[in-house]
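Visitor: For reference, the file coords.cif (mmCIF, C-alpha atoms) is included below:
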```cif
data_query
#
loop_
_atom_site.label_atom_id
_atom_site.label_comp_id
_atom_site.auth_asym_id
_atom_site.auth_seq_id
_atom_site.Cartn_x
_atom_site.Cartn_y
_atom_site.Cartn_z
CA MET A 1 117.87 121.02 120.36
CA ILE A 2 117.19 117.35 121.12
CA SER A 3 113.79 116.02 122.09
CA VAL A 4 112.83 112.47 123.00
CA SER A 5 109.27 111.19 122.91
CA ARG A 6 107.49 107.89 123.18
CA ALA A 7 106.58 106.33 119.82
CA ALA A 8 102.79 106.24 119.72
CA SER A 9 101.46 106.96 116.24
CA ARG A 10 101.65 104.97 113.03
CA GLN A 11 104.04 107.61 111.68
CA ASP A 12 106.29 107.24 114.75
CA PHE A 13 106.60 103.51 114.14
CA VAL A 14 107.21 104.06 110.41
CA ILE A 15 110.12 106.32 111.37
CA ALA A 16 111.35 103.78 113.92
CA ALA A 17 111.13 101.00 111.32
CA GLY A 18 113.35 103.07 109.03
CA PHE A 19 115.94 103.38 111.79
CA CYS A 20 115.68 99.65 112.52
CA GLU A 21 116.22 98.90 108.84
CA ALA A 22 119.35 101.08 108.85
CA LEU A 23 120.54 99.31 112.00
CA GLY A 24 120.02 95.95 110.30
CA ALA A 25 122.01 97.09 107.26
CA LEU A 26 124.84 98.28 109.51
CA ASP A 27 124.78 95.01 111.47
CA VAL A 28 124.99 92.98 108.25
CA GLU A 29 127.72 95.17 106.75
CA LEU A 30 129.98 95.13 109.81
CA GLY A 31 129.20 91.50 110.62
CA ARG A 32 130.33 90.36 107.18
CA ASP A 33 133.96 91.09 108.11
CA HIS A 34 133.55 88.82 111.14
CA GLY A 35 132.03 85.88 109.28
CA VAL A 36 128.51 86.56 110.52
CA PRO A 37 125.86 85.25 108.09
CA ALA A 38 123.53 88.10 107.06
CA GLU A 39 120.46 85.86 106.92
CA ILE A 40 120.88 84.79 110.56
CA VAL A 41 121.39 88.36 111.80
CA MET A 42 118.36 89.60 109.90
CA ALA A 43 116.12 86.73 111.01
CA LEU A 44 117.08 87.01 114.68
CA PHE A 45 117.38 90.75 115.20
CA HIS A 46 116.02 92.82 112.33
CA GLY A 47 112.89 91.24 110.89
CA GLU A 48 110.35 93.81 112.12
CA ASN A 49 108.32 96.36 110.21
CA HIS A 50 106.36 99.34 111.55
CA GLU A 51 103.33 97.18 112.37
CA SER A 52 105.26 94.56 114.33
CA LEU A 53 107.22 97.29 116.14
CA ALA A 54 103.94 98.96 117.12
CA ARG A 55 102.55 95.66 118.41
CA LYS A 56 105.68 94.90 120.41
CA TYR A 57 106.52 98.36 121.76
CA GLY A 58 103.19 100.14 121.69
CA ALA A 59 101.55 98.59 124.75
CA GLY A 60 102.26 97.33 128.23
CA GLU A 61 105.72 97.71 129.69
CA ALA A 62 107.48 97.59 126.32
CA VAL A 63 108.20 101.01 124.87
CA MET A 64 110.03 102.68 122.01
CA PHE A 65 111.36 106.23 122.02
CA LEU A 66 112.30 108.48 119.13
CA ALA A 67 114.86 111.24 119.33
CA ARG A 68 114.58 114.35 117.20
CA TRP A 69 117.16 117.02 116.50
CA GLN A 70 115.45 120.34 115.79
CA GLY A 71 112.36 118.36 114.80
CA ALA A 72 114.12 115.96 112.42
CA PRO A 73 114.06 112.24 113.33
CA ALA A 74 117.52 111.36 114.63
CA GLY A 75 117.39 108.02 116.44
CA CYS A 76 115.50 105.43 118.43
CA ILE A 77 115.71 103.02 121.34
CA ALA A 78 113.35 100.39 122.74
CA LEU A 79 112.84 98.64 126.04
CA ALA A 80 111.02 95.41 126.84
CA PRO A 81 110.58 93.15 129.88
CA PHE A 82 112.89 90.16 130.07
CA ARG A 83 111.60 87.46 132.38
CA THR A 84 110.28 88.83 135.66
CA ASP A 85 113.48 90.40 136.96
CA ALA A 86 114.94 92.47 134.12
CA MET A 87 114.30 94.97 131.36
CA GLU A 88 116.19 94.67 128.08
CA ILE A 89 117.32 97.42 125.72
CA HIS A 90 116.64 96.92 122.01
CA LYS A 91 116.97 98.85 118.76
CA LEU A 92 119.42 101.59 119.80
CA TYR A 93 120.28 103.55 116.68
CA VAL A 94 121.34 107.12 115.95
CA ASP A 95 121.37 108.30 112.35
CA PRO A 96 124.97 108.98 111.23
CA ALA A 97 124.04 112.58 110.35
CA PHE A 98 123.21 113.22 114.02
CA ARG A 99 125.97 111.32 115.82
CA GLY A 100 128.26 113.13 118.23
CA ARG A 101 125.49 115.41 119.55
CA GLY A 102 124.57 113.53 122.73
CA ILE A 103 121.51 111.84 121.26
CA GLY A 104 122.57 108.33 122.30
CA ASN A 105 123.19 109.57 125.84
CA LEU A 106 119.79 111.19 126.05
CA LEU A 107 118.06 108.09 124.67
CA MET A 108 119.84 105.98 127.29
CA GLN A 109 118.86 108.36 130.09
CA ARG A 110 115.25 108.23 128.96
CA ILE A 111 115.21 104.44 128.78
CA PHE A 112 116.68 104.18 132.29
CA GLY A 113 113.94 106.42 133.62
CA GLU A 114 111.35 104.19 132.00
CA ALA A 115 113.02 100.99 133.22
CA ARG A 116 113.01 102.18 136.83
CA LYS A 117 109.22 102.41 136.68
CA SER A 118 109.05 98.64 136.08
CA GLY A 119 110.42 97.80 139.51
CA ARG A 120 112.71 95.19 137.98
CA PRO A 121 116.23 95.26 139.45
CA THR A 122 118.31 94.59 136.33
CA MET A 123 118.95 96.03 132.87
CA LEU A 124 120.21 93.80 130.06
CA VAL A 125 121.51 94.33 126.56
CA ASN A 126 122.64 91.96 123.82
CA THR A 127 124.74 93.48 121.05
CA ALA A 128 127.62 92.56 118.74
CA SER A 129 131.31 93.17 119.38
CA TYR A 130 131.70 94.94 116.03
CA LEU A 131 129.06 97.54 117.00
CA LYS A 132 131.83 99.29 118.93
CA SER A 133 130.04 102.62 119.49
CA ALA A 134 127.11 100.82 121.09
CA VAL A 135 129.36 98.72 123.32
CA CYS A 136 131.23 101.87 124.44
CA LEU A 137 127.96 103.68 125.18
CA TYR A 138 126.65 100.78 127.24
CA GLU A 139 129.93 100.60 129.17
CA ALA A 140 129.73 104.36 129.82
CA PHE A 141 126.33 103.72 131.40
CA GLY A 142 127.74 101.10 133.75
CA PHE A 143 126.98 97.91 131.85
CA THR A 144 129.47 95.08 132.30
CA HIS A 145 129.88 91.87 130.37
CA CYS A 146 127.85 88.97 131.70
CA PRO A 147 127.11 85.35 130.74
CA PRO A 148 124.69 84.90 127.84
CA PHE A 149 121.06 85.27 128.91
CA ARG A 150 119.72 83.70 125.70
CA SER A 151 121.03 81.15 123.29
CA VAL A 152 122.31 82.22 119.90
CA PRO A 153 123.27 80.17 116.85
CA ALA A 154 126.88 78.98 116.80
CA GLU A 155 127.48 80.94 113.58
CA ILE A 156 127.20 84.25 115.46
CA SER A 157 128.23 83.31 119.01
CA HIS A 158 131.80 84.56 118.50
CA THR A 159 130.58 88.16 118.11
CA GLU A 160 127.70 88.29 120.57
CA VAL A 161 128.14 90.54 123.62
CA PHE A 162 125.87 90.20 126.64
CA MET A 163 125.88 92.94 129.25
CA SER A 164 123.98 93.79 132.41
CA ARG A 165 123.82 96.31 135.19
CA PRO A 166 121.69 96.89 138.24
CA LEU A 167 118.98 99.52 138.08
#
```
Show how you would write the structure in this file as structure tokens.
Guide:
Amino acid sequence: MISVSRAASRQDFVIAAGFCEALGALDVELGRDHGVPAEIVMALFHGENHESLARKYGAGEAVMFLARWQGAPAGCIALAPFRTDAMEIHKLYVDPAFRGRGIGNLLMQRIFGEARKSGRPTMLVNTASYLKSAVCLYEAFGFTHCPPFRSVPAEISHTEVFMSRPL
């Protein structure tokens, strides 16, 4: 049984930080084969700890959700406003032990429900081409490739994927 709940407690954000750390390690490992410098990836996308995650996703329109499989932490996803017209997905990660059980789909459904409450017309996501499972999941949810909506260092621009879709 899968459950998804909003991260609210210190313990929730400690769990989320563990998932974010695993996501960072995966990003670095897979990026290495594509010439992506680990220090740039970590500085840009994976420098948070449980306290900074709680500050960023614990108030206002920004939110983080945790998925659990039979009570065990299984994954996370976050959502934050981007400008005044969009919401952006961040930190999607499902623990390898729980993949293939529909957890990513349920996290995406939950984040879409939350995004619709914002009244913003667009959803955005920025990922890497070598995170193939994530790209496939986003495409399955109707995201299409779009022009970059933020600048990235030249050293990683060859792997960056920008996607959007209407809400």
Visitor: Which is closest to Met87 (chain A) among A:Met1, A:Val125, A:Arg55, A:Met108, if we use all atoms listed in the file?
Guide: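 Between A:Met1, A:Val125, A:Arg55, A:Met108, the residue approaching Met87 (chain A) most closely is A:Val125.
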Visitor: Determine the residue membership of the PyMOL selection byres ((chain A and resi 5-18) around 12) for the file above and supply it as a ChimeraX atom specification.
Guide: /A:2-4,19-25,46-59,62-69,71-79,90-95,106-107,110-111,114
Visitor: Expand the PyMOL selection byres ((chain A and resi 143-159) around 12) into the individual residues it matches in the shown file, reporting them as a PyMOL selection string.
Guide: chain A and resi 27-28+30-45+82-83+86+88-89+108+122-132+134-142+160-167
Visitor: Restricting the calculation to all atoms listed in the file, which member of A:Ser118, A:Gly113, A:Asn105, A:Ala97 is positioned closest to Thr84 (chain A)?
Guide: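 When distances to Thr84 (chain A) are compared using all atoms listed in the file, the smallest one comes from A:Ser118.
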Visitor: Find the distance between CA of Lys117 (chain A) and CA of Glu61 (chain A) and write it in Å to one decimal.
Guide: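 So the two atoms, CA of Lys117 (chain A) and CA of Glu61 (chain A), lie 9.1 Å apart.
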Visitor: Could you tell me how far CA of Gln109 (chain A) sits from CA of Ser133 (chain A), in Å to one decimal place?
Guide: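 Between CA of Ser133 (chain A) and CA of Gln109 (chain A) the gap is 16.4 Å.
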Visitor: For a test of reading the model, state the distance in Å between CA of Arg116 (chain A) and CA of Gly60 (chain A), rounded to one decimal.
Guide: 14.6 Å
